[in-house]
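Colleague: Input: one structure, supplied below.
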Amino acid sequence: SPAKNQYTYYSKDKCQTQFSPYSTFKIVSTLIGLNNGVLHSKDTIMGYDGTHYPVDAWNDNLTLEDAFKSSCIWYFRKVIDTVGIDQVQNELNTLQYGNRDISEWEGSGCNPLPELNGFWLDSSLKISPKAQVDILNNIFNNKTQFSTESIETLKNIMQTESSIGCNLYGKTGTGASSGNAWYVGLFEKDNFTYYFAIYLDDDSKENISGSDAKEIAEKIIEKYYLK
């Protein structure tokens, strides 16, 4: 809560431990793409090459908004590759994003196709839940290198359908192996904004996904903030 200058933790040590950001990195990828002229609006198309991907929604000429909401890896791989390694490194250094390590540029090979891998997917780049919250707070309070227009575009595509009584914005992330998932974002209630990061790390459970993290976030928000 920036208004109260207050953090609330569950498992504080883990909240300060760095993990792969997985697809939550698409938040920053979007801003980097917009900041460097690779993306221009929520309608920017990166060019589908006809490859058949395992997620049906990816098999099309997607807009930025479509790609963000379907968490399309190949789309954001193209964005990052077009920006280039040196500029991506500069952007992450300026943003102070996690460990800023993009040394495994091509990724760890956790997915079968090269365009479905990257340094943000079970690879060199890592960030803690607390840092995710701090990055979001800085972005949406105009404390970063990104323009107001770019931030508004990001916020527009982050808006999420929810049954709870607030404006909810977020991005899921799911690990290639079972047991790891994220949901990070913000919600607005009564003219106050709160930033959050849910990270799930439970190898004993199969098929944990970002959707599970989102469900937990919604329950916490509803129980403790929407009374």
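Here's how to read the names in the structure tokens: chain A, B, ... by the order shown, residue numbers from 1 in each chain, ligand numbers from 1 in the order shown.
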Just want the 8 Å neighbourhood of segment 15-27 of chain A, counted on only C-alpha atoms, with same-chain residues fewer than 3 positions away dropped. Output as a ChimeraX atom specification.

Modeller: /A:9-12,30-31,68,71,73,76,98,120-131,154,171-175,182-184

Colleague: Set the distance at 12 Å and use only C-alpha atoms: which residues neighbour Glu218 of chain A once local chain neighbours fewer than 6 positions away are removed? I'd like the list as a list in words.

Modeller: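 The contact residues come out as Thr160, Glu161, Ser162, Ser163, Ile164, Gly165, Cys166, Asn167, Leu168, Tyr169, Gly170, Tyr183, Val184, Gly185, Leu186, Phe187, Phe196, Ala197, Ile198, Ser211, Asp212, Tyr224, Tyr225 and Leu226 of chain A.
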
Colleague: Residues within 8 Å of Arg77 of chain A, please, as a PyMOL selection string. Count only C-alpha atoms; anything in the same chain fewer than 4 positions from it doesn't count.

Modeller: chain A and resi 73+81+115-118

Colleague: Rounded to one decimal place, report the atom CA of Asp56 of chain A-atom CA of Ile208 of chain A distance in Å.

Modeller: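 Straight-line distance from atom CA of Asp56 of chain A to atom CA of Ile208 of chain A works out to 20.0 Å.
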
Colleague: Between atom CA of Val88 of chain A and atom CA of Ile32 of chain A, what is the distance, to one decimal in Å?

Modeller: 7.3 Å

Colleague: What are the DSSP alpha helix (DSSP H) residues of chain A, as a short mmCIF file (atom, residue, chain, number, x, y, z; two decimals) with N, CA, C and O atoms, in the first residue's frame?

Modeller:
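Full text of result-v5.cif as output:
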data_model
loop_
_atom_site.label_atom_id
_atom_site.label_comp_id
_atom_site.auth_asym_id
_atom_site.auth_seq_id
_atom_site.Cartn_x
_atom_site.Cartn_y
_atom_site.Cartn_z
N LYS A 12 7.55 -14.28 4.64
CA LYS A 12 8.38 -13.13 4.29
C LYS A 12 9.69 -13.52 3.63
O LYS A 12 10.15 -12.85 2.69
N ASP A 13 10.34 -14.59 4.10
CA ASP A 13 11.61 -15.00 3.50
C ASP A 13 11.45 -15.32 2.03
O ASP A 13 12.27 -14.92 1.19
N LYS A 14 10.38 -16.06 1.70
CA LYS A 14 10.14 -16.40 0.29
C LYS A 14 9.81 -15.16 -0.53
O LYS A 14 10.11 -15.10 -1.71
N CYS A 15 9.15 -14.18 0.11
CA CYS A 15 8.81 -12.94 -0.60
C CYS A 15 10.05 -12.18 -1.04
O CYS A 15 9.98 -11.34 -1.94
N LYS A 26 6.23 -10.37 -19.24
CA LYS A 26 5.57 -9.71 -20.37
C LYS A 26 5.12 -8.29 -20.01
O LYS A 26 4.92 -7.46 -20.91
N ILE A 27 4.95 -8.01 -18.73
CA ILE A 27 4.67 -6.63 -18.30
C ILE A 27 5.80 -5.71 -18.73
O ILE A 27 5.59 -4.67 -19.37
N VAL A 28 7.02 -6.11 -18.40
CA VAL A 28 8.19 -5.30 -18.72
C VAL A 28 8.54 -5.41 -20.21
O VAL A 28 8.95 -4.42 -20.84
N SER A 29 8.36 -6.59 -20.81
CA SER A 29 8.59 -6.74 -22.25
C SER A 29 7.74 -5.76 -23.05
O SER A 29 8.20 -5.17 -24.04
N THR A 30 6.49 -5.60 -22.62
CA THR A 30 5.59 -4.66 -23.28
C THR A 30 6.14 -3.25 -23.24
O THR A 30 6.21 -2.55 -24.25
N LEU A 31 6.56 -2.83 -22.05
CA LEU A 31 7.09 -1.47 -21.90
C LEU A 31 8.39 -1.28 -22.68
O LEU A 31 8.61 -0.23 -23.29
N ILE A 32 9.26 -2.29 -22.66
CA ILE A 32 10.52 -2.20 -23.41
C ILE A 32 10.22 -2.09 -24.91
O ILE A 32 10.84 -1.29 -25.62
N GLY A 33 9.27 -2.88 -25.39
CA GLY A 33 8.89 -2.82 -26.80
C GLY A 33 8.34 -1.46 -27.20
O GLY A 33 8.70 -0.90 -28.23
N LEU A 34 7.48 -0.91 -26.34
CA LEU A 34 6.90 0.41 -26.61
C LEU A 34 7.97 1.50 -26.53
O LEU A 34 8.00 2.43 -27.34
N ASN A 35 8.87 1.38 -25.57
CA ASN A 35 9.90 2.40 -25.34
C ASN A 35 10.91 2.47 -26.48
O ASN A 35 11.55 3.51 -26.69
N LEU A 64 -0.84 -6.93 -29.89
CA LEU A 64 -0.21 -6.90 -28.57
C LEU A 64 -1.21 -7.30 -27.49
O LEU A 64 -0.89 -8.10 -26.61
N GLU A 65 -2.41 -6.74 -27.56
CA GLU A 65 -3.42 -7.07 -26.55
C GLU A 65 -3.76 -8.56 -26.56
O GLU A 65 -3.82 -9.20 -25.50
N ASP A 66 -3.94 -9.14 -27.74
CA ASP A 66 -4.22 -10.57 -27.85
C ASP A 66 -3.07 -11.39 -27.27
O ASP A 66 -3.29 -12.36 -26.54
N ALA A 67 -1.85 -11.02 -27.64
CA ALA A 67 -0.66 -11.77 -27.21
C ALA A 67 -0.47 -11.70 -25.71
O ALA A 67 -0.09 -12.68 -25.06
N PHE A 68 -0.74 -10.53 -25.13
CA PHE A 68 -0.60 -10.36 -23.68
C PHE A 68 -1.63 -11.21 -22.95
O PHE A 68 -1.30 -11.92 -22.00
N LYS A 69 -2.86 -11.16 -23.40
CA LYS A 69 -3.93 -11.86 -22.69
C LYS A 69 -3.84 -13.38 -22.86
O LYS A 69 -4.24 -14.12 -21.97
N ILE A 73 4.14 -16.68 -26.09
CA ILE A 73 5.59 -16.58 -25.93
C ILE A 73 6.27 -16.12 -27.22
O ILE A 73 7.13 -15.25 -27.19
N TRP A 74 5.89 -16.69 -28.37
CA TRP A 74 6.62 -16.35 -29.61
C TRP A 74 6.51 -14.86 -29.93
O TRP A 74 7.47 -14.26 -30.44
N TYR A 75 5.37 -14.26 -29.63
CA TYR A 75 5.17 -12.84 -29.91
C TYR A 75 6.19 -12.00 -29.12
O TYR A 75 6.88 -11.14 -29.69
N PHE A 76 6.30 -12.28 -27.83
CA PHE A 76 7.21 -11.48 -27.00
C PHE A 76 8.67 -11.85 -27.23
O PHE A 76 9.56 -11.02 -27.03
N ARG A 77 8.94 -13.07 -27.69
CA ARG A 77 10.29 -13.44 -28.11
C ARG A 77 10.72 -12.55 -29.28
O ARG A 77 11.85 -12.05 -29.34
N LYS A 78 9.80 -12.32 -30.22
CA LYS A 78 10.09 -11.43 -31.36
C LYS A 78 10.33 -10.00 -30.90
O LYS A 78 11.22 -9.31 -31.41
N VAL A 79 9.52 -9.54 -29.96
CA VAL A 79 9.69 -8.19 -29.43
C VAL A 79 11.08 -8.03 -28.83
O VAL A 79 11.82 -7.08 -29.15
N ILE A 80 11.45 -8.95 -27.95
CA ILE A 80 12.74 -8.87 -27.25
C ILE A 80 13.91 -8.98 -28.23
O ILE A 80 14.90 -8.25 -28.14
N ASP A 81 13.81 -9.91 -29.19
CA ASP A 81 14.89 -10.07 -30.17
C ASP A 81 15.04 -8.82 -31.03
O ASP A 81 16.17 -8.44 -31.40
N THR A 82 13.93 -8.17 -31.37
CA THR A 82 14.00 -6.96 -32.20
C THR A 82 14.63 -5.80 -31.43
O THR A 82 15.41 -5.02 -31.99
N VAL A 83 14.32 -5.69 -30.15
CA VAL A 83 14.95 -4.65 -29.32
C VAL A 83 16.45 -4.91 -29.22
O VAL A 83 17.26 -3.98 -29.34
N ILE A 85 19.82 -7.44 -27.40
CA ILE A 85 20.35 -7.78 -26.09
C ILE A 85 20.92 -6.57 -25.34
O ILE A 85 20.69 -6.40 -24.14
N ASP A 86 21.65 -5.69 -26.03
CA ASP A 86 22.28 -4.56 -25.35
C ASP A 86 21.23 -3.60 -24.79
O ASP A 86 21.35 -3.13 -23.65
N GLN A 87 20.21 -3.30 -25.59
CA GLN A 87 19.20 -2.36 -25.13
C GLN A 87 18.31 -2.98 -24.06
O GLN A 87 17.91 -2.29 -23.11
N VAL A 88 18.00 -4.26 -24.18
CA VAL A 88 17.23 -4.93 -23.12
C VAL A 88 18.00 -4.88 -21.81
O VAL A 88 17.44 -4.58 -20.74
N GLN A 89 19.31 -5.12 -21.88
CA GLN A 89 20.14 -5.05 -20.67
C GLN A 89 20.11 -3.64 -20.08
O GLN A 89 19.98 -3.48 -18.85
N ASN A 90 20.22 -2.63 -20.92
CA ASN A 90 20.15 -1.25 -20.45
C ASN A 90 18.82 -0.95 -19.75
O ASN A 90 18.78 -0.30 -18.70
N GLU A 91 17.74 -1.42 -20.35
CA GLU A 91 16.41 -1.17 -19.79
C GLU A 91 16.26 -1.84 -18.42
O GLU A 91 15.74 -1.23 -17.47
N LEU A 92 16.72 -3.08 -18.30
CA LEU A 92 16.60 -3.80 -17.02
C LEU A 92 17.50 -3.19 -15.96
O LEU A 92 17.13 -3.15 -14.78
N ASN A 93 18.69 -2.73 -16.37
CA ASN A 93 19.58 -2.06 -15.42
C ASN A 93 18.93 -0.78 -14.89
O ASN A 93 18.96 -0.50 -13.68
N THR A 94 18.36 0.01 -15.78
CA THR A 94 17.72 1.26 -15.38
C THR A 94 16.53 1.01 -14.47
O THR A 94 16.32 1.70 -13.48
N LEU A 95 15.78 -0.03 -14.80
CA LEU A 95 14.59 -0.39 -14.02
C LEU A 95 14.96 -1.07 -12.70
O LEU A 95 14.14 -1.14 -11.79
N PRO A 129 9.19 -11.80 -5.23
CA PRO A 129 7.84 -11.22 -5.15
C PRO A 129 7.85 -9.78 -4.66
O PRO A 129 7.12 -8.94 -5.19
N LYS A 130 8.67 -9.47 -3.65
CA LYS A 130 8.72 -8.09 -3.17
C LYS A 130 9.20 -7.13 -4.26
O LYS A 130 8.66 -6.04 -4.45
N ALA A 131 10.21 -7.56 -5.01
CA ALA A 131 10.71 -6.72 -6.09
C ALA A 131 9.66 -6.54 -7.20
O ALA A 131 9.58 -5.48 -7.81
N GLN A 132 8.89 -7.58 -7.45
CA GLN A 132 7.79 -7.45 -8.42
C GLN A 132 6.86 -6.31 -8.00
O GLN A 132 6.45 -5.47 -8.81
N VAL A 133 6.51 -6.28 -6.71
CA VAL A 133 5.63 -5.24 -6.18
C VAL A 133 6.27 -3.86 -6.32
O VAL A 133 5.63 -2.89 -6.75
N ASP A 134 7.55 -3.78 -5.98
CA ASP A 134 8.24 -2.49 -6.07
C ASP A 134 8.33 -1.98 -7.52
O ASP A 134 8.16 -0.79 -7.78
N ILE A 135 8.58 -2.90 -8.46
CA ILE A 135 8.65 -2.52 -9.87
C ILE A 135 7.30 -1.99 -10.34
O ILE A 135 7.21 -0.94 -11.01
N LEU A 136 6.22 -2.68 -9.98
CA LEU A 136 4.88 -2.23 -10.38
C LEU A 136 4.58 -0.85 -9.78
O LEU A 136 4.04 0.03 -10.46
N ASN A 137 4.90 -0.67 -8.52
CA ASN A 137 4.68 0.61 -7.86
C ASN A 137 5.44 1.73 -8.58
O ASN A 137 4.89 2.81 -8.83
N ASN A 138 6.69 1.46 -8.94
CA ASN A 138 7.49 2.47 -9.64
C ASN A 138 6.92 2.77 -11.03
O ASN A 138 6.85 3.92 -11.44
N ILE A 139 6.51 1.72 -11.73
CA ILE A 139 5.98 1.91 -13.09
C ILE A 139 4.73 2.80 -13.05
O ILE A 139 4.64 3.80 -13.77
N PHE A 140 3.78 2.43 -12.22
CA PHE A 140 2.49 3.11 -12.26
C PHE A 140 2.46 4.42 -11.47
O PHE A 140 1.46 5.14 -11.50
N THR A 148 4.23 8.08 -20.04
CA THR A 148 2.84 7.95 -19.55
C THR A 148 1.99 7.21 -20.56
O THR A 148 1.15 6.38 -20.19
N GLU A 149 2.21 7.48 -21.84
CA GLU A 149 1.44 6.81 -22.90
C GLU A 149 1.69 5.30 -22.90
O GLU A 149 0.75 4.50 -23.02
N SER A 150 2.96 4.91 -22.76
CA SER A 150 3.29 3.48 -22.73
C SER A 150 2.68 2.81 -21.52
O SER A 150 2.15 1.68 -21.61
N ILE A 151 2.72 3.47 -20.38
CA ILE A 151 2.15 2.91 -19.15
C ILE A 151 0.64 2.77 -19.27
O ILE A 151 0.06 1.77 -18.81
N GLU A 152 -0.02 3.71 -19.91
CA GLU A 152 -1.46 3.63 -20.12
C GLU A 152 -1.82 2.46 -21.04
O GLU A 152 -2.81 1.75 -20.82
N THR A 153 -1.01 2.25 -22.07
CA THR A 153 -1.22 1.10 -22.96
C THR A 153 -1.09 -0.19 -22.18
O THR A 153 -1.92 -1.11 -22.32
N LEU A 154 -0.04 -0.29 -21.36
CA LEU A 154 0.16 -1.48 -20.53
C LEU A 154 -1.03 -1.70 -19.60
O LEU A 154 -1.56 -2.82 -19.51
N LYS A 155 -1.45 -0.66 -18.91
CA LYS A 155 -2.55 -0.81 -17.96
C LYS A 155 -3.82 -1.27 -18.64
O LYS A 155 -4.56 -2.11 -18.12
N ASN A 156 -4.04 -0.76 -19.84
CA ASN A 156 -5.22 -1.15 -20.60
C ASN A 156 -5.24 -2.64 -20.89
O ASN A 156 -6.27 -3.30 -20.73
N ILE A 157 -4.10 -3.20 -21.30
CA ILE A 157 -4.08 -4.63 -21.64
C ILE A 157 -3.96 -5.52 -20.41
O ILE A 157 -4.23 -6.71 -20.47
N MET A 158 -3.56 -4.93 -19.26
CA MET A 158 -3.50 -5.69 -18.01
C MET A 158 -4.86 -5.82 -17.33
O MET A 158 -5.02 -6.64 -16.42
N GLY A 210 -0.85 -20.10 -13.33
CA GLY A 210 -1.11 -18.72 -12.98
C GLY A 210 -2.56 -18.48 -12.62
O GLY A 210 -2.87 -17.59 -11.81
N SER A 211 -3.45 -19.26 -13.18
CA SER A 211 -4.88 -19.13 -12.85
C SER A 211 -5.13 -19.44 -11.38
O SER A 211 -5.98 -18.82 -10.74
N ASP A 212 -4.39 -20.42 -10.84
CA ASP A 212 -4.51 -20.73 -9.41
C ASP A 212 -4.01 -19.56 -8.56
O ASP A 212 -4.61 -19.20 -7.55
N ALA A 213 -2.91 -18.95 -8.97
CA ALA A 213 -2.37 -17.80 -8.25
C ALA A 213 -3.35 -16.63 -8.31
O ALA A 213 -3.55 -15.91 -7.32
N LYS A 214 -3.99 -16.44 -9.46
CA LYS A 214 -4.97 -15.36 -9.61
C LYS A 214 -6.16 -15.59 -8.68
O LYS A 214 -6.66 -14.66 -8.04
N GLU A 215 -6.61 -16.82 -8.60
CA GLU A 215 -7.74 -17.15 -7.72
C GLU A 215 -7.40 -16.85 -6.26
O GLU A 215 -8.23 -16.29 -5.52
N ILE A 216 -6.18 -17.17 -5.85
CA ILE A 216 -5.75 -16.88 -4.48
C ILE A 216 -5.70 -15.37 -4.26
O ILE A 216 -6.17 -14.87 -3.22
N ALA A 217 -5.16 -14.64 -5.23
CA ALA A 217 -5.09 -13.18 -5.11
C ALA A 217 -6.49 -12.58 -4.93
O ALA A 217 -6.71 -11.72 -4.07
N GLU A 218 -7.43 -13.05 -5.72
CA GLU A 218 -8.79 -12.52 -5.65
C GLU A 218 -9.42 -12.81 -4.29
O GLU A 218 -10.11 -11.95 -3.72
N LYS A 219 -9.17 -13.98 -3.76
CA LYS A 219 -9.73 -14.33 -2.44
C LYS A 219 -9.13 -13.45 -1.34
O LYS A 219 -9.85 -13.01 -0.43
N ILE A 220 -7.84 -13.20 -1.42
CA ILE A 220 -7.18 -12.34 -0.43
C ILE A 220 -7.72 -10.91 -0.52
O ILE A 220 -8.05 -10.29 0.49
N ILE A 221 -7.81 -10.39 -1.74
CA ILE A 221 -8.32 -9.03 -1.94
C ILE A 221 -9.75 -8.91 -1.41
O ILE A 221 -10.08 -7.96 -0.69
N GLU A 222 -10.56 -9.89 -1.75
CA GLU A 222 -11.97 -9.83 -1.34
C GLU A 222 -12.11 -9.92 0.17
O GLU A 222 -12.90 -9.18 0.78
N LYS A 223 -11.31 -10.78 0.81
CA LYS A 223 -11.45 -11.00 2.24
C LYS A 223 -10.89 -9.84 3.08
O LYS A 223 -11.50 -9.43 4.08
N TYR A 224 -9.76 -9.28 2.66
CA TYR A 224 -9.06 -8.32 3.53
C TYR A 224 -9.15 -6.86 3.08
O TYR A 224 -8.85 -5.96 3.87
#

Colleague: For atom CA of Asn5 of chain A and atom CA of Thr144 of chain A, quote the distance in Å rounded to one decimal.

Modeller: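 Taking atom CA of Asn5 of chain A as the start and atom CA of Thr144 of chain A as the end point, the length is 18.8 Å.
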
Colleague: I need the residue nearest Lys143 of chain A from this list: A:Lys189, A:Tyr7, A:Glu106, A:Gln96. Use only C-alpha atoms for the distance.

Modeller: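 Going through A:Lys189, A:Tyr7, A:Glu106, A:Gln96 one by one, the smallest distance to Lys143 of chain A is for A:Gln96.
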
Colleague: Of the residues A:Tyr97, A:Tyr195, A:Tyr48, A:Tyr53, which is the one nearest to Asn141 of chain A, using only C-alpha atoms?

Modeller: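 Nearest to Asn141 of chain A: A:Tyr195.
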
Colleague: Using DSSP secondary structure from the backbone, list all strand (DSSP E) positions within chain A, as a ChimeraX atom specification.

Modeller: /A:167-174,180-189,192-201

Colleague: Would you save the residues from that selection as a CSV table (one decimal), in the first residue's frame, using C-alpha atoms?

Modeller:
chain,number,residue,atom,x,y,z
A,167,ASN,CA,-10.7,-2.7,-10.8
A,168,LEU,CA,-8.2,-5.5,-11.1
A,169,TYR,CA,-5.1,-5.5,-13.4
A,170,GLY,CA,-2.6,-8.3,-13.6
A,171,LYS,CA,-0.5,-10.9,-15.4
A,172,THR,CA,-0.1,-14.6,-14.7
A,173,GLY,CA,3.0,-16.7,-15.1
A,174,THR,CA,3.3,-20.5,-15.1
A,180,ASN,CA,5.5,-22.8,-9.9
A,181,ALA,CA,3.2,-20.0,-10.8
A,182,TRP,CA,2.7,-16.2,-10.4
A,183,TYR,CA,0.0,-13.6,-10.5
A,184,VAL,CA,1.2,-10.0,-10.1
A,185,GLY,CA,-0.6,-6.7,-10.6
A,186,LEU,CA,-2.6,-4.0,-8.9
A,187,PHE,CA,-6.2,-3.2,-7.8
A,188,GLU,CA,-8.0,0.0,-7.2
A,189,LYS,CA,-10.6,0.6,-4.5
A,192,PHE,CA,-6.5,3.8,-3.3
A,193,THR,CA,-4.1,1.6,-5.3
A,194,TYR,CA,-2.5,-1.6,-4.0
A,195,TYR,CA,0.2,-3.7,-5.6
A,196,PHE,CA,0.6,-7.4,-5.1
A,197,ALA,CA,2.5,-10.5,-6.1
A,198,ILE,CA,1.4,-14.1,-5.5
A,199,TYR,CA,4.1,-16.8,-6.1
A,200,LEU,CA,3.2,-20.5,-5.7
A,201,ASP,CA,6.0,-23.0,-5.2

Colleague: Please determine, counting only C-alpha atoms, which residue among A:Ala57, A:Cys110, A:Leu62, A:Cys72 has the shortest atom-to-atom distance to Asp43 of chain A.

Modeller: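 Going through A:Ala57, A:Cys110, A:Leu62, A:Cys72 one by one, the smallest distance to Asp43 of chain A is for A:Leu62.
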
Colleague: Residues at most 10 Å from Thr51 of chain A, counting only C-alpha atoms, excluding those fewer than 6 positions away in the same chain, as a VMD selection string?

Modeller: chain A and resid 58 to 60

Colleague: Please save C-alpha atoms of the selected residues as an mmCIF file, in the first residue's frame.

Modeller:
data_model
loop_
_atom_site.group_PDB
_atom_site.id
_atom_site.type_symbol
_atom_site.label_atom_id
_atom_site.label_comp_id
_atom_site.auth_asym_id
_atom_site.auth_seq_id
_atom_site.Cartn_x
_atom_site.Cartn_y
_atom_site.Cartn_z
ATOM 1 C CA TRP A 58 -1.185 -18.430 -30.459
ATOM 2 C CA ASN A 59 -1.834 -19.693 -33.989
ATOM 3 C CA ASP A 60 -2.820 -16.346 -35.457
#
